[in-house]
Amino acid sequence: MNRTSEEREAAPPAEDRYRRGTRRTAAEPLTASWEPAGRHRRKRKRGLKGLVANYGWRIYAVPVLLVLTALVVLDTAAPSRVGEADQTGATGATGAPRTSSGPPVATETPPSKVDLVNIPTAELPDGPKYSEQGAGTWQVIPGGTGQAGQGKLYKYSIAIEDGVDAADFGGDREAFARTVDGILADPRSWIGTGQVAMQRVDSGPVDFTISLTTPNTTHGLCGFQIQYETSCWHPPTSRVVINVARWVRGAKAFSTDLASYRTYAINHEVGHVLKNPHEGCKENGQPAPVMMQQTFGVANDYVARLNEVDISNRGVVDADGKTCTPNAFPVAPR
């Protein structure tokens with residue numbers, strides 16, 4: 001729309017039309033001023049000082065936030081320590097036990113050093129209860145083995161007296177038999193001499209029967225002149241009588257090593273089957289002969305004193321002051 005010369009003269013200059021407080025005509029569009037009211041445009045500074053001047057505390061917050069973000073990302077990606085404990089139990093990634101705060105709930109009571117000379121090592125050690133009276137009859141455990149060793153063959157069976165609680169032999173008759181088989185087939189046992197062989201059978205004639213037997217029945221077969229629990233070889237019945245009390249608790253000379261004592265007891269009594277007599281300690285501080293009465297102890301003076309009340313063993317061991325260490329095998333390892 002064209003305006004007359006008079007209208008153009010009446011209109012304010014263009015720069016005045018946008019000044020604050022100036023009246024606009026109806027034909028003029030609304031236009032926001034680029035400059036905020038009451039403020040003058042400042043010249044922005046450059047460089048670090050300029051950043052600080054322009055952004056204030058925010059310039060310090062940005063790197064801090066970046067570091068925190070990186071830590072969160074790394075923690076999220078790392079394996080969970082709780083997850084490791086769930087998967088590995090009480091150990092960390094290296095398998096080492098973790099420590100916990102506070103005192104332990106239970107602590108060890110290590111065995112005291114056994115005085116092999118000055119205390120009554122023939123006493124039965126403390127331990128679990130065991131069956132004391134059986135029926136005087138035995139049940140042979142089914143099963144057999146191949147021949148172990150070379151030389152004269154000895155066939156044997158394994159039996160448990162009726163009335164022996166299953167807990168006394170670990171609740172598994174076959175496992176008990178395997179333990180005995182393993183002892184007799186060990187090259188450190190009698191087969192290691194190269195003179196005898198062993199084979200378990202469950203029927204037919206046998207040379208001996210290894211019989212787990214209650215103490216009261218044992219006393220009747222083995223005698224009880226030396227009034228400490230022991231085992232024996234009983235020729236009239238061809239029984240190797242293994243006393244339940246000793247099988248369960250062992251002997252003080254062997255301290256807490258029950259497996260070694262059981263091995264000794266089998267080898268010692270089978271040694272009698274092979275016509276080996278009792279022996280004493282031969283060299284001070286050395287392993288005892290398996291035919292020494294280690295159930296009573298390994299000090300010659302002490303064993304000799306006990307044997308004074310047993311006519312069959314009187315004088316077998318010399319009271320010469322020698323003391324050996326416990327030993328379960330008749331054949332030294334090569």
# chains A, B, ... in the order shown; residues from 1 in each chain; ligands from 1
$ residues_around --residues "Gly146 of chain A" --least-positions-apart "3" --cutoff "9 Å" --atoms "only C-alpha atoms" --output "list of chain:residue names"
A:Met198, A:Gln199, A:Arg200, A:Val201
$ write_last_selection --atoms "N, CA and C atoms" --output "short mmCIF file (atom, residue, chain, number, x, y, z; two decimals), in the first residue's frame"
data_model
loop_
_atom_site.label_atom_id
_atom_site.label_comp_id
_atom_site.auth_asym_id
_atom_site.auth_seq_id
_atom_site.Cartn_x
_atom_site.Cartn_y
_atom_site.Cartn_z
N MET A 198 48.44 -112.19 48.41
CA MET A 198 47.17 -112.13 49.12
C MET A 198 46.01 -112.10 48.13
N GLN A 199 44.91 -112.77 48.50
CA GLN A 199 43.70 -112.73 47.68
C GLN A 199 42.48 -112.91 48.58
N ARG A 200 41.52 -112.01 48.43
CA ARG A 200 40.28 -112.14 49.21
C ARG A 200 39.27 -112.99 48.47
N VAL A 201 38.59 -113.88 49.21
CA VAL A 201 37.50 -114.70 48.68
C VAL A 201 36.36 -114.63 49.69
#
$ residues_around --residues "segment 294-310 of chain A" --least-positions-apart "3" --cutoff "10 Å" --atoms "only C-alpha atoms" --output "MDAnalysis selection string"
chainID A and resid 115:124 223:231 246 250:254 261 264:265 268 279:282 284:285 287:291 313:328
$ closest_atom_pairs --of "segment 213-308 of chain A" --to "segment 167-182 of chain A" --cutoff "8 Å" --atoms "only C-alpha atoms" --output "tab-separated table"
residue	atom	partner	partner_atom	distance
A:Val244	CA	A:Asp168	CA	7.0
A:Trp247	CA	A:Asp168	CA	7.8
A:Val248	CA	A:Asp168	CA	6.2
A:Ile266	CA	A:Val180	CA	7.5
$ residues_around --residues "Ala135 of chain A" --least-positions-apart "6" --cutoff "8 Å" --atoms "only C-alpha atoms" --output "NGL selection string"
:A and (161-163)
$ atom_distance --atom1 "atom CA of Arg262 of chain A" --atom2 "atom CA of Tyr130 of chain A"
15.5 Å
